[in-house]
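Okay, coords-v2.cif is below, mmCIF, C-alpha atoms and all ligand atoms:
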```
data_upload
loop_
_atom_site.group_PDB
_atom_site.id
_atom_site.type_symbol
_atom_site.label_atom_id
_atom_site.label_comp_id
_atom_site.auth_asym_id
_atom_site.auth_seq_id
_atom_site.Cartn_x
_atom_site.Cartn_y
_atom_site.Cartn_z
ATOM 1 C CA MET A 1 23.304 -14.612 94.871
ATOM 2 C CA ARG A 2 23.138 -12.220 91.928
ATOM 3 C CA ARG A 3 23.504 -13.927 88.584
ATOM 4 C CA PRO A 4 26.138 -12.545 86.236
ATOM 5 C CA ALA A 5 24.617 -10.255 83.592
ATOM 6 C CA ALA A 6 25.262 -12.906 80.967
ATOM 7 C CA GLY A 7 22.563 -15.091 82.565
ATOM 8 C CA ASN A 8 22.641 -18.833 82.114
ATOM 9 C CA THR A 9 25.823 -18.876 80.053
ATOM 10 C CA GLY A 10 27.305 -19.054 83.581
ATOM 11 C CA GLY A 11 30.894 -19.332 82.328
ATOM 12 C CA LEU A 12 33.939 -18.869 84.509
ATOM 13 C CA HIS A 13 35.054 -15.774 82.618
ATOM 14 C CA LEU A 14 31.664 -14.333 81.835
ATOM 15 C CA VAL A 15 31.199 -12.594 85.132
ATOM 16 C CA HIS A 16 29.633 -9.151 85.457
ATOM 17 C CA GLY A 17 28.700 -9.189 81.793
ATOM 18 C CA ARG A 18 32.249 -9.240 80.444
ATOM 19 C CA ALA A 19 34.055 -11.550 78.079
ATOM 20 C CA GLY A 20 37.637 -10.742 79.012
ATOM 21 C CA ARG A 21 38.079 -7.080 78.165
ATOM 22 C CA PHE A 22 34.869 -6.937 76.125
ATOM 23 C CA PRO A 23 31.588 -5.976 77.727
ATOM 24 C CA VAL A 24 29.033 -8.557 76.605
ATOM 25 C CA ASP A 25 26.244 -7.194 74.391
ATOM 26 C CA GLY A 26 28.765 -5.003 72.611
ATOM 27 C CA ILE A 27 30.262 -4.774 69.141
ATOM 28 C CA PHE A 28 33.817 -3.590 68.506
ATOM 29 C CA LEU A 29 35.681 -1.990 65.631
ATOM 30 C CA GLY A 30 38.861 -3.813 64.641
ATOM 31 C CA ASP A 31 40.481 -6.825 63.041
ATOM 32 C CA ALA A 32 38.786 -10.032 64.167
ATOM 33 C CA ARG A 33 42.066 -11.921 63.843
ATOM 34 C CA GLU A 34 43.474 -9.804 66.676
ATOM 35 C CA LEU A 35 40.342 -9.202 68.747
ATOM 36 C CA LEU A 36 39.364 -12.879 68.848
ATOM 37 C CA ARG A 37 42.617 -13.589 70.685
ATOM 38 C CA GLU A 38 41.413 -11.430 73.570
ATOM 39 C CA ILE A 39 38.313 -13.525 74.276
ATOM 40 C CA PRO A 40 38.886 -16.027 77.098
ATOM 41 C CA ASP A 41 38.694 -19.770 76.380
ATOM 42 C CA GLY A 42 35.397 -21.632 76.357
ATOM 43 C CA ILE A 43 32.843 -18.882 77.012
ATOM 44 C CA VAL A 44 30.941 -18.650 73.711
ATOM 45 C CA ASP A 45 27.911 -20.841 73.033
ATOM 46 C CA LEU A 46 27.470 -20.207 69.333
ATOM 47 C CA VAL A 47 29.498 -18.602 66.542
ATOM 48 C CA VAL A 48 27.464 -17.515 63.497
ATOM 49 C CA THR A 49 29.429 -15.791 60.802
ATOM 50 C CA ASP A 50 29.534 -14.873 57.168
ATOM 51 C CA PRO A 51 33.231 -14.115 56.682
ATOM 52 C CA PRO A 52 34.734 -12.068 53.842
ATOM 53 C CA PHE A 53 35.074 -13.935 50.567
ATOM 54 C CA ALA A 54 38.107 -14.486 48.422
ATOM 55 C CA ILE A 55 36.793 -13.069 45.164
ATOM 56 C CA GLU A 56 36.947 -9.698 43.530
ATOM 57 C CA PHE A 57 33.776 -8.590 45.244
ATOM 58 C CA ARG A 58 33.593 -5.140 43.690
ATOM 59 C CA ALA A 59 32.913 -6.697 40.295
ATOM 60 C CA ALA A 60 30.337 -9.118 41.657
ATOM 61 C CA ARG A 61 28.550 -6.385 43.548
ATOM 62 C CA THR A 62 27.411 -4.474 40.491
ATOM 63 C CA ASN A 63 25.324 -7.489 39.601
ATOM 64 C CA TYR A 64 23.034 -7.154 42.580
ATOM 65 C CA HIS A 65 20.699 -4.678 40.841
ATOM 66 C CA ARG A 66 21.360 -2.154 43.585
ATOM 67 C CA THR A 67 22.147 1.504 43.331
ATOM 68 C CA GLY A 68 25.854 1.829 44.059
ATOM 69 C CA SER A 69 25.514 5.069 45.990
ATOM 70 C CA ARG A 70 23.265 3.446 48.540
ATOM 71 C CA VAL A 71 25.613 0.532 49.113
ATOM 72 C CA LEU A 72 28.258 1.143 51.768
ATOM 73 C CA GLU A 73 31.798 1.168 50.438
ATOM 74 C CA GLY A 74 34.924 -0.297 51.953
ATOM 75 C CA TYR A 75 34.202 -3.996 51.890
ATOM 76 C CA ARG A 76 37.312 -5.955 52.929
ATOM 77 C CA GLU A 77 38.330 -8.888 50.789
ATOM 78 C CA ILE A 78 40.980 -11.593 51.232
ATOM 79 C CA PRO A 79 43.198 -12.575 48.267
ATOM 80 C CA PRO A 80 42.325 -16.137 47.121
ATOM 81 C CA GLU A 81 45.854 -17.410 47.759
ATOM 82 C CA ASP A 82 45.612 -16.349 51.424
ATOM 83 C CA TYR A 83 42.104 -17.605 52.059
ATOM 84 C CA LEU A 84 42.881 -21.043 53.530
ATOM 85 C CA GLU A 85 45.309 -19.534 56.018
ATOM 86 C CA PHE A 86 42.835 -16.761 56.858
ATOM 87 C CA CYS A 87 40.133 -19.369 57.582
ATOM 88 C CA ARG A 88 42.460 -21.481 59.709
ATOM 89 C CA ASP A 89 43.479 -18.455 61.705
ATOM 90 C CA TRP A 90 40.017 -17.272 62.748
ATOM 91 C CA MET A 91 38.568 -20.783 63.079
ATOM 92 C CA GLU A 92 41.340 -21.792 65.462
ATOM 93 C CA GLN A 93 40.275 -18.898 67.679
ATOM 94 C CA ALA A 94 36.573 -19.719 67.249
ATOM 95 C CA PHE A 95 37.285 -23.291 68.378
ATOM 96 C CA ARG A 96 39.186 -22.057 71.419
ATOM 97 C CA VAL A 97 36.511 -19.592 72.583
ATOM 98 C CA LEU A 98 33.598 -22.028 72.153
ATOM 99 C CA ARG A 99 32.313 -24.115 75.034
ATOM 100 C CA SER A 100 32.489 -27.895 74.591
ATOM 101 C CA THR A 101 28.718 -27.804 73.939
ATOM 102 C CA GLY A 102 29.066 -25.031 71.345
ATOM 103 C CA SER A 103 28.547 -24.840 67.587
ATOM 104 C CA LEU A 104 29.740 -22.829 64.621
ATOM 105 C CA TYR A 105 27.744 -21.868 61.527
ATOM 106 C CA VAL A 106 29.931 -20.517 58.765
ATOM 107 C CA PHE A 107 28.669 -19.209 55.431
ATOM 108 C CA SER A 108 30.526 -19.773 52.189
ATOM 109 C CA GLY A 109 30.054 -19.300 48.492
ATOM 110 C CA TRP A 110 30.953 -22.316 46.345
ATOM 111 C CA ASN A 111 34.202 -20.834 45.018
ATOM 112 C CA ARG A 112 36.287 -21.180 48.214
ATOM 113 C CA LEU A 113 34.203 -23.897 49.855
ATOM 114 C CA ARG A 114 37.145 -26.276 49.730
ATOM 115 C CA ASP A 115 39.196 -23.911 51.904
ATOM 116 C CA VAL A 116 36.398 -23.543 54.437
ATOM 117 C CA LEU A 117 35.929 -27.331 54.719
ATOM 118 C CA GLN A 118 39.672 -27.895 54.939
ATOM 119 C CA ALA A 119 40.103 -25.249 57.627
ATOM 120 C CA LEU A 120 37.228 -26.716 59.671
ATOM 121 C CA ASP A 121 38.991 -30.091 59.667
ATOM 122 C CA ASP A 122 42.392 -28.572 60.374
ATOM 123 C CA THR A 123 41.191 -26.597 63.381
ATOM 124 C CA GLY A 124 39.455 -29.512 65.131
ATOM 125 C CA PHE A 125 35.808 -28.905 64.252
ATOM 126 C CA THR A 126 33.458 -31.743 63.364
ATOM 127 C CA THR A 127 31.157 -30.815 60.499
ATOM 128 C CA ILE A 128 27.624 -32.045 61.248
ATOM 129 C CA ASN A 129 25.626 -30.680 58.301
ATOM 130 C CA HIS A 130 26.213 -28.985 55.029
ATOM 131 C CA LEU A 131 23.196 -26.723 54.673
ATOM 132 C CA ILE A 132 22.104 -25.032 51.488
ATOM 133 C CA TRP A 133 20.487 -21.624 51.657
ATOM 134 C CA LYS A 134 18.443 -21.062 48.489
ATOM 135 C CA TYR A 135 17.650 -17.391 47.848
ATOM 136 C CA GLN A 136 16.101 -15.259 45.121
ATOM 137 C CA PHE A 137 17.865 -12.429 43.210
ATOM 138 C CA GLY A 138 20.492 -14.723 41.679
ATOM 139 C CA VAL A 139 22.752 -12.838 39.250
ATOM 140 C CA PHE A 140 21.646 -13.128 35.586
ATOM 141 C CA THR A 141 24.035 -15.243 33.481
ATOM 142 C CA ARG A 142 24.366 -15.950 29.746
ATOM 143 C CA LYS A 143 26.466 -19.073 29.576
ATOM 144 C CA LYS A 144 26.108 -20.805 32.904
ATOM 145 C CA TYR A 145 23.477 -21.563 35.556
ATOM 146 C CA VAL A 146 22.398 -18.775 37.843
ATOM 147 C CA THR A 147 23.904 -19.140 41.318
ATOM 148 C CA SER A 148 21.036 -18.856 43.759
ATOM 149 C CA HIS A 149 22.353 -20.717 46.781
ATOM 150 C CA TYR A 150 24.881 -20.340 49.503
ATOM 151 C CA HIS A 151 26.567 -22.951 51.687
ATOM 152 C CA ILE A 152 26.309 -22.970 55.466
ATOM 153 C CA LEU A 153 28.538 -25.397 57.331
ATOM 154 C CA PHE A 154 27.191 -26.457 60.703
ATOM 155 C CA ALA A 155 30.168 -27.624 62.735
ATOM 156 C CA VAL A 156 30.669 -28.403 66.414
ATOM 157 C CA LYS A 157 33.483 -28.408 68.913
ATOM 158 C CA ASP A 158 32.628 -31.798 70.411
ATOM 159 C CA PRO A 159 30.288 -34.156 68.523
ATOM 160 C CA LYS A 160 29.478 -35.962 71.796
ATOM 161 C CA GLN A 161 28.473 -32.850 73.703
ATOM 162 C CA TYR A 162 26.986 -30.302 71.294
ATOM 163 C CA ARG A 163 23.451 -29.040 71.859
ATOM 164 C CA PHE A 164 20.768 -29.136 69.177
ATOM 165 C CA HIS A 165 17.270 -27.894 69.983
ATOM 166 C CA LYS A 166 15.209 -29.769 67.436
ATOM 167 C CA ALA A 167 12.471 -27.212 66.894
ATOM 168 C CA GLU A 168 10.797 -29.129 64.047
ATOM 169 C CA HIS A 169 9.998 -32.773 63.468
ATOM 170 C CA TYR A 170 11.750 -33.015 60.100
ATOM 171 C CA PRO A 171 14.254 -30.159 59.647
ATOM 172 C CA GLU A 172 15.758 -30.519 56.195
ATOM 173 C CA ASP A 173 19.164 -29.244 55.137
ATOM 174 C CA VAL A 174 17.939 -27.076 52.243
ATOM 175 C CA TRP A 175 16.503 -23.767 53.439
ATOM 176 C CA VAL A 176 14.517 -21.593 51.032
ATOM 177 C CA ILE A 177 14.650 -18.097 52.502
ATOM 178 C CA ASN A 178 14.346 -14.904 50.495
ATOM 179 C CA ARG A 179 16.880 -12.123 50.726
ATOM 180 C CA GLU A 180 15.428 -8.925 52.120
ATOM 181 C CA TYR A 181 15.245 -6.021 49.747
ATOM 182 C CA TRP A 182 15.685 -2.707 51.530
ATOM 183 C CA THR A 183 14.108 -0.160 49.230
ATOM 184 C CA GLY A 184 15.751 3.246 49.311
ATOM 185 C CA LYS A 185 17.801 2.612 52.432
ATOM 186 C CA VAL A 186 21.536 2.558 52.950
ATOM 187 C CA LYS A 187 22.625 -1.038 52.895
ATOM 188 C CA THR A 188 25.648 -3.247 53.101
ATOM 189 C CA PRO A 189 26.101 -5.471 50.080
ATOM 190 C CA THR A 190 25.826 -8.839 51.825
ATOM 191 C CA LYS A 191 23.144 -8.474 54.461
ATOM 192 C CA LEU A 192 21.744 -11.776 55.715
ATOM 193 C CA PRO A 193 17.977 -12.133 56.080
ATOM 194 C CA ARG A 194 16.725 -12.101 59.658
ATOM 195 C CA LYS A 195 14.762 -15.325 59.158
ATOM 196 C CA LEU A 196 17.915 -17.220 58.354
ATOM 197 C CA VAL A 197 19.688 -16.091 61.514
ATOM 198 C CA GLU A 198 16.536 -16.709 63.587
ATOM 199 C CA ARG A 199 16.462 -20.295 62.361
ATOM 200 C CA ILE A 200 20.092 -20.904 63.312
ATOM 201 C CA LEU A 201 19.655 -19.360 66.747
ATOM 202 C CA THR A 202 16.503 -21.384 67.384
ATOM 203 C CA PHE A 203 18.195 -24.715 66.677
ATOM 204 C CA SER A 204 21.579 -24.013 68.231
ATOM 205 C CA SER A 205 21.181 -21.610 71.147
ATOM 206 C CA ARG A 206 18.972 -20.826 74.099
ATOM 207 C CA PRO A 207 17.949 -17.510 75.658
ATOM 208 C CA GLY A 208 20.747 -16.083 77.794
ATOM 209 C CA GLU A 209 23.535 -17.784 75.844
ATOM 210 C CA LEU A 210 26.384 -15.923 74.158
ATOM 211 C CA VAL A 211 26.457 -15.599 70.345
ATOM 212 C CA LEU A 212 29.574 -14.328 68.573
ATOM 213 C CA ASP A 213 29.954 -12.949 65.030
ATOM 214 C CA PRO A 214 33.567 -11.911 64.285
ATOM 215 C CA PHE A 215 32.672 -10.504 60.812
ATOM 216 C CA LEU A 216 29.597 -8.388 61.431
ATOM 217 C CA GLY A 217 28.919 -6.530 58.199
ATOM 218 C CA SER A 218 25.546 -4.875 58.771
ATOM 219 C CA GLY A 219 25.173 -6.620 62.134
ATOM 220 C CA THR A 220 22.236 -8.951 61.473
ATOM 221 C CA VAL A 221 23.575 -11.619 63.848
ATOM 222 C CA PRO A 222 23.733 -9.387 66.964
ATOM 223 C CA VAL A 223 20.436 -7.670 66.106
ATOM 224 C CA VAL A 224 18.615 -11.010 65.898
ATOM 225 C CA ALA A 225 20.478 -12.379 68.929
ATOM 226 C CA ARG A 226 19.361 -9.409 70.989
ATOM 227 C CA ASP A 227 15.768 -9.666 69.734
ATOM 228 C CA MET A 228 15.720 -13.363 70.697
ATOM 229 C CA GLY A 229 17.062 -12.783 74.203
ATOM 230 C CA ARG A 230 20.592 -14.028 73.550
ATOM 231 C CA HIS A 231 23.761 -12.181 74.530
ATOM 232 C CA TYR A 232 26.059 -11.108 71.721
ATOM 233 C CA LEU A 233 29.556 -10.004 70.876
ATOM 234 C CA GLY A 234 30.859 -8.961 67.463
ATOM 235 C CA PHE A 235 33.698 -7.406 65.473
ATOM 236 C CA GLU A 236 33.892 -5.427 62.235
ATOM 237 C CA ILE A 237 36.930 -3.913 60.570
ATOM 238 C CA VAL A 238 35.290 -1.322 58.270
ATOM 239 C CA PRO A 239 34.234 1.818 60.223
ATOM 240 C CA ASP A 240 31.161 2.537 58.051
ATOM 241 C CA TYR A 241 29.820 -0.993 58.506
ATOM 242 C CA PHE A 242 30.563 -0.861 62.189
ATOM 243 C CA GLU A 243 28.599 2.400 62.548
ATOM 244 C CA PHE A 244 25.750 0.962 60.485
ATOM 245 C CA ALA A 245 25.546 -2.119 62.745
ATOM 246 C CA LYS A 246 25.745 0.081 65.832
ATOM 247 C CA ARG A 247 22.856 2.229 64.627
ATOM 248 C CA ARG A 248 20.764 -0.894 64.022
ATOM 249 C CA LEU A 249 21.467 -2.068 67.558
ATOM 250 C CA GLU A 250 20.451 1.321 68.936
ATOM 251 C CA GLN A 251 16.922 0.888 67.531
ATOM 252 C CA PRO A 252 14.553 -0.662 70.051
ATOM 253 C CA PRO A 253 13.862 -4.370 69.287
ATOM 254 C CA GLY A 254 11.313 -4.847 66.525
ATOM 255 C CA ARG A 255 11.449 -1.168 65.469
ATOM 256 C CA GLU A 256 13.987 -1.555 62.709
ATOM 257 C CA GLU A 257 13.269 -0.213 59.232
ATOM 258 C CA LYS A 258 12.913 -2.923 56.616
HETATM 259 C C1 LIG A 301 30.154 -11.085 54.173
HETATM 260 S S1 LIG A 301 30.272 -9.684 55.184
HETATM 261 C C2 LIG A 301 29.180 -10.018 56.528
HETATM 262 C C3 LIG A 301 27.753 -9.728 56.220
HETATM 263 C C4 LIG A 301 26.825 -9.879 57.411
HETATM 264 N N1 LIG A 301 26.568 -11.268 57.699
HETATM 265 C C5 LIG A 301 25.537 -9.110 57.224
HETATM 266 O O1 LIG A 301 24.436 -9.657 57.461
HETATM 267 O O2 LIG A 301 25.594 -7.954 56.846
HETATM 268 C C6 LIG A 301 31.868 -9.845 55.899
HETATM 269 C C7 LIG A 301 32.276 -8.671 56.751
HETATM 270 O O3 LIG A 301 33.554 -8.953 57.341
HETATM 271 C C8 LIG A 301 34.277 -7.738 57.422
HETATM 272 N N2 LIG A 301 35.708 -8.064 57.605
HETATM 273 C C9 LIG A 301 36.608 -8.426 56.665
HETATM 274 N N3 LIG A 301 37.802 -8.714 57.214
HETATM 275 C C10 LIG A 301 37.632 -8.520 58.568
HETATM 276 C C11 LIG A 301 38.491 -8.655 59.700
HETATM 277 N N4 LIG A 301 39.761 -9.047 59.556
HETATM 278 N N5 LIG A 301 37.999 -8.379 60.922
HETATM 279 C C12 LIG A 301 36.707 -7.987 61.090
HETATM 280 N N6 LIG A 301 35.841 -7.838 60.059
HETATM 281 C C13 LIG A 301 36.296 -8.100 58.821
HETATM 282 C C14 LIG A 301 33.956 -7.037 56.112
HETATM 283 O O4 LIG A 301 34.218 -5.662 56.191
HETATM 284 C C15 LIG A 301 32.467 -7.376 55.965
HETATM 285 O O5 LIG A 301 31.667 -6.375 56.533
#
```

Take the structure from the file and write it as structure tokens.
Amino acid sequence: MRRPAAGNTGGLHLVHGRAGRFPVDGIFLGDARELLREIPDGIVDLVVTDPPFAIEFRAARTNYHRTGSRVLEGYREIPPEDYLEFCRDWMEQAFRVLRSTGSLYVFSGWNRLRDVLQALDDTGFTTINHLIWKYQFGVFTRKKYVTSHYHILFAVKDPKQYRFHKAEHYPEDVWVINREYWTGKVKTPTKLPRKLVERILTFSSRPGELVLDPFLGSGTVPVVARDMGRHYLGFEIVPDYFEFAKRRLEQPPGREEK
């Protein structure tokens, strides 16, 4: 019998390489809050996402020592007062589409961390680890400490069934991974380093499984998923970011400009 294109994900709905109306190994332009609702229940193995923040990002962005003209415009923010509800909304859908063995990794700055943790609890997730990603290029400050870390919440749908591929003997919860600096290239302001996504995929997915990122930005999650032999699905609301991610995915694996 021919295996479905999605390989050993083997889910009821993931036949002939489709996740509902979405062809697997595709990214789609649109609002994740709507598109997520069109994914069938229980077919995703891993959600990895760095959702929009609830800060005035435009102001923060100028601090990244990057030339504005080379940074893609149009970043979508959520007002702080709406952030908890926004998190609950997409996390409820993430919970629904995950398999019982599946996991979620969600990135958060410290400023709305309370909303992210609250929404994880409210939507049925069990938080397993609170990881710290320590990076370089923290923004210079005069009267406070320089923020040079990010939070990553590792949460699961079912604490009795989730899969964890312990790739190291002693994997600590503080990860020191440098941001990538793309000299002279068009960039999105919040691109995740490949190494970080590779680490997550190594511990929480296997080749052939389906990885979802509902808030793609520059598309690092699907690019790494593809390069590591995972299937992917992703959404992005800003056309320029979507096109940028699409172009990255059109490059043959390993041939991407740094
Ligand atoms: C923090 S960035 C993601 C960065 C990404 N991890 C990377 O490596 O480039 C969040 C992304 O979510 C997008 N976004 C915001 N609201 C959205 C929505 N409702 N649906 C889909 N994408 C959305 C933003 O345009 C932005 O590109």

Smallest atom-to-atom distance to ligand LIG 301 (chain A): which of A:Pro23, A:Gly254, A:Pro159, A:Pro79, using all atoms listed in the file? A:Pro79

Using the chain letters and numbers from the file, give me the residues hit by the PyMOL selection byres (((chain A and resi 138) around 6) and not hetatm), as a PDB file with C-alpha atoms, in the coordinates of the input.
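As a result, result34.pdb now contains:
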```pdb
ATOM      1  CA  GLN A 136      16.101 -15.259  45.121  1.00  0.00           C
ATOM      2  CA  PHE A 137      17.865 -12.429  43.210  1.00  0.00           C
ATOM      3  CA  VAL A 139      22.752 -12.838  39.250  1.00  0.00           C
ATOM      4  CA  VAL A 146      22.398 -18.775  37.843  1.00  0.00           C
ATOM      5  CA  THR A 147      23.904 -19.140  41.318  1.00  0.00           C
ATOM      6  CA  SER A 148      21.036 -18.856  43.759  1.00  0.00           C
TER       7      SER A 148
END
```

Let me have the centre and edge lengths of the axis-aligned box enclosing all listed atoms of ligand LIG 301 (chain A) with 5 Å padding on every side, in Å to one decimal, as lines of an AutoDock Vina configuration file.
```
center_x = 32.1
center_y = -8.5
center_z = 57.6
size_x = 25.3
size_y = 15.6
size_z = 16.9
```

Hey, what's within 12 Å of Phe86 of chain A if we count all atoms listed in the file and toss same-chain stuff fewer than 2 positions away? As a list in words, please? Asp31, Ala32, Arg33, Pro51, Pro52, Phe53, Ala54, Glu77, Ile78, Pro79, Pro80, Glu81, Asp82, Tyr83, Leu84, Arg88, Asp89, Trp90, Met91, Glu92, Gln93, Arg112, Asp115, Val116, Gln118, Ala119, Leu120 and Thr123 of chain A

Exercise: Pro222 of chain A partners within 12 Å, all atoms listed in the file, chain neighbours under 4 positions left out, as number ranges by chain: A: 24-28, 46-49, 192, 194, 197-198, 201, 210-218, 226-236, 242, 245-250, 253

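Distance annotation: of A:Ser100, A:His130, A:Asp50, A:Val224, the residue with the minimal separation from Pro207 of chain A is A:Val224; atom set is only C-alpha atoms.
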
Could you tell me which of A:Gly102, A:Phe154, A:Asp45, A:Phe107 comes closest to Thr127 of chain A if we count all atoms listed in the file? A:Phe154

At a cut-off of 9 Å from (32.1, -26.3, 74.8) in the coordinates of the file, what residues are picked up using only C-alpha atoms, written as a list in words? Gly42, Ile43, Val44, Asp45, Phe95, Arg96, Val97, Leu98, Arg99, Ser100, Thr101, Gly102, Ser103, Val156, Lys157, Asp158, Gln161 and Tyr162 of chain A

Might you pull out every residue within 6 Å of segment 203-205 of chain A, with only C-alpha atoms counted and same-chain residues fewer than 3 positions away left off, and present them as a PDB file with C-alpha atoms, in the coordinates of the input?
```
ATOM      1  CA  PHE A 164      20.768 -29.136  69.177  1.00  0.00           C
ATOM      2  CA  HIS A 165      17.270 -27.894  69.983  1.00  0.00           C
ATOM      3  CA  LYS A 166      15.209 -29.769  67.436  1.00  0.00           C
ATOM      4  CA  ILE A 200      20.092 -20.904  63.312  1.00  0.00           C
TER       5      ILE A 200
END
```
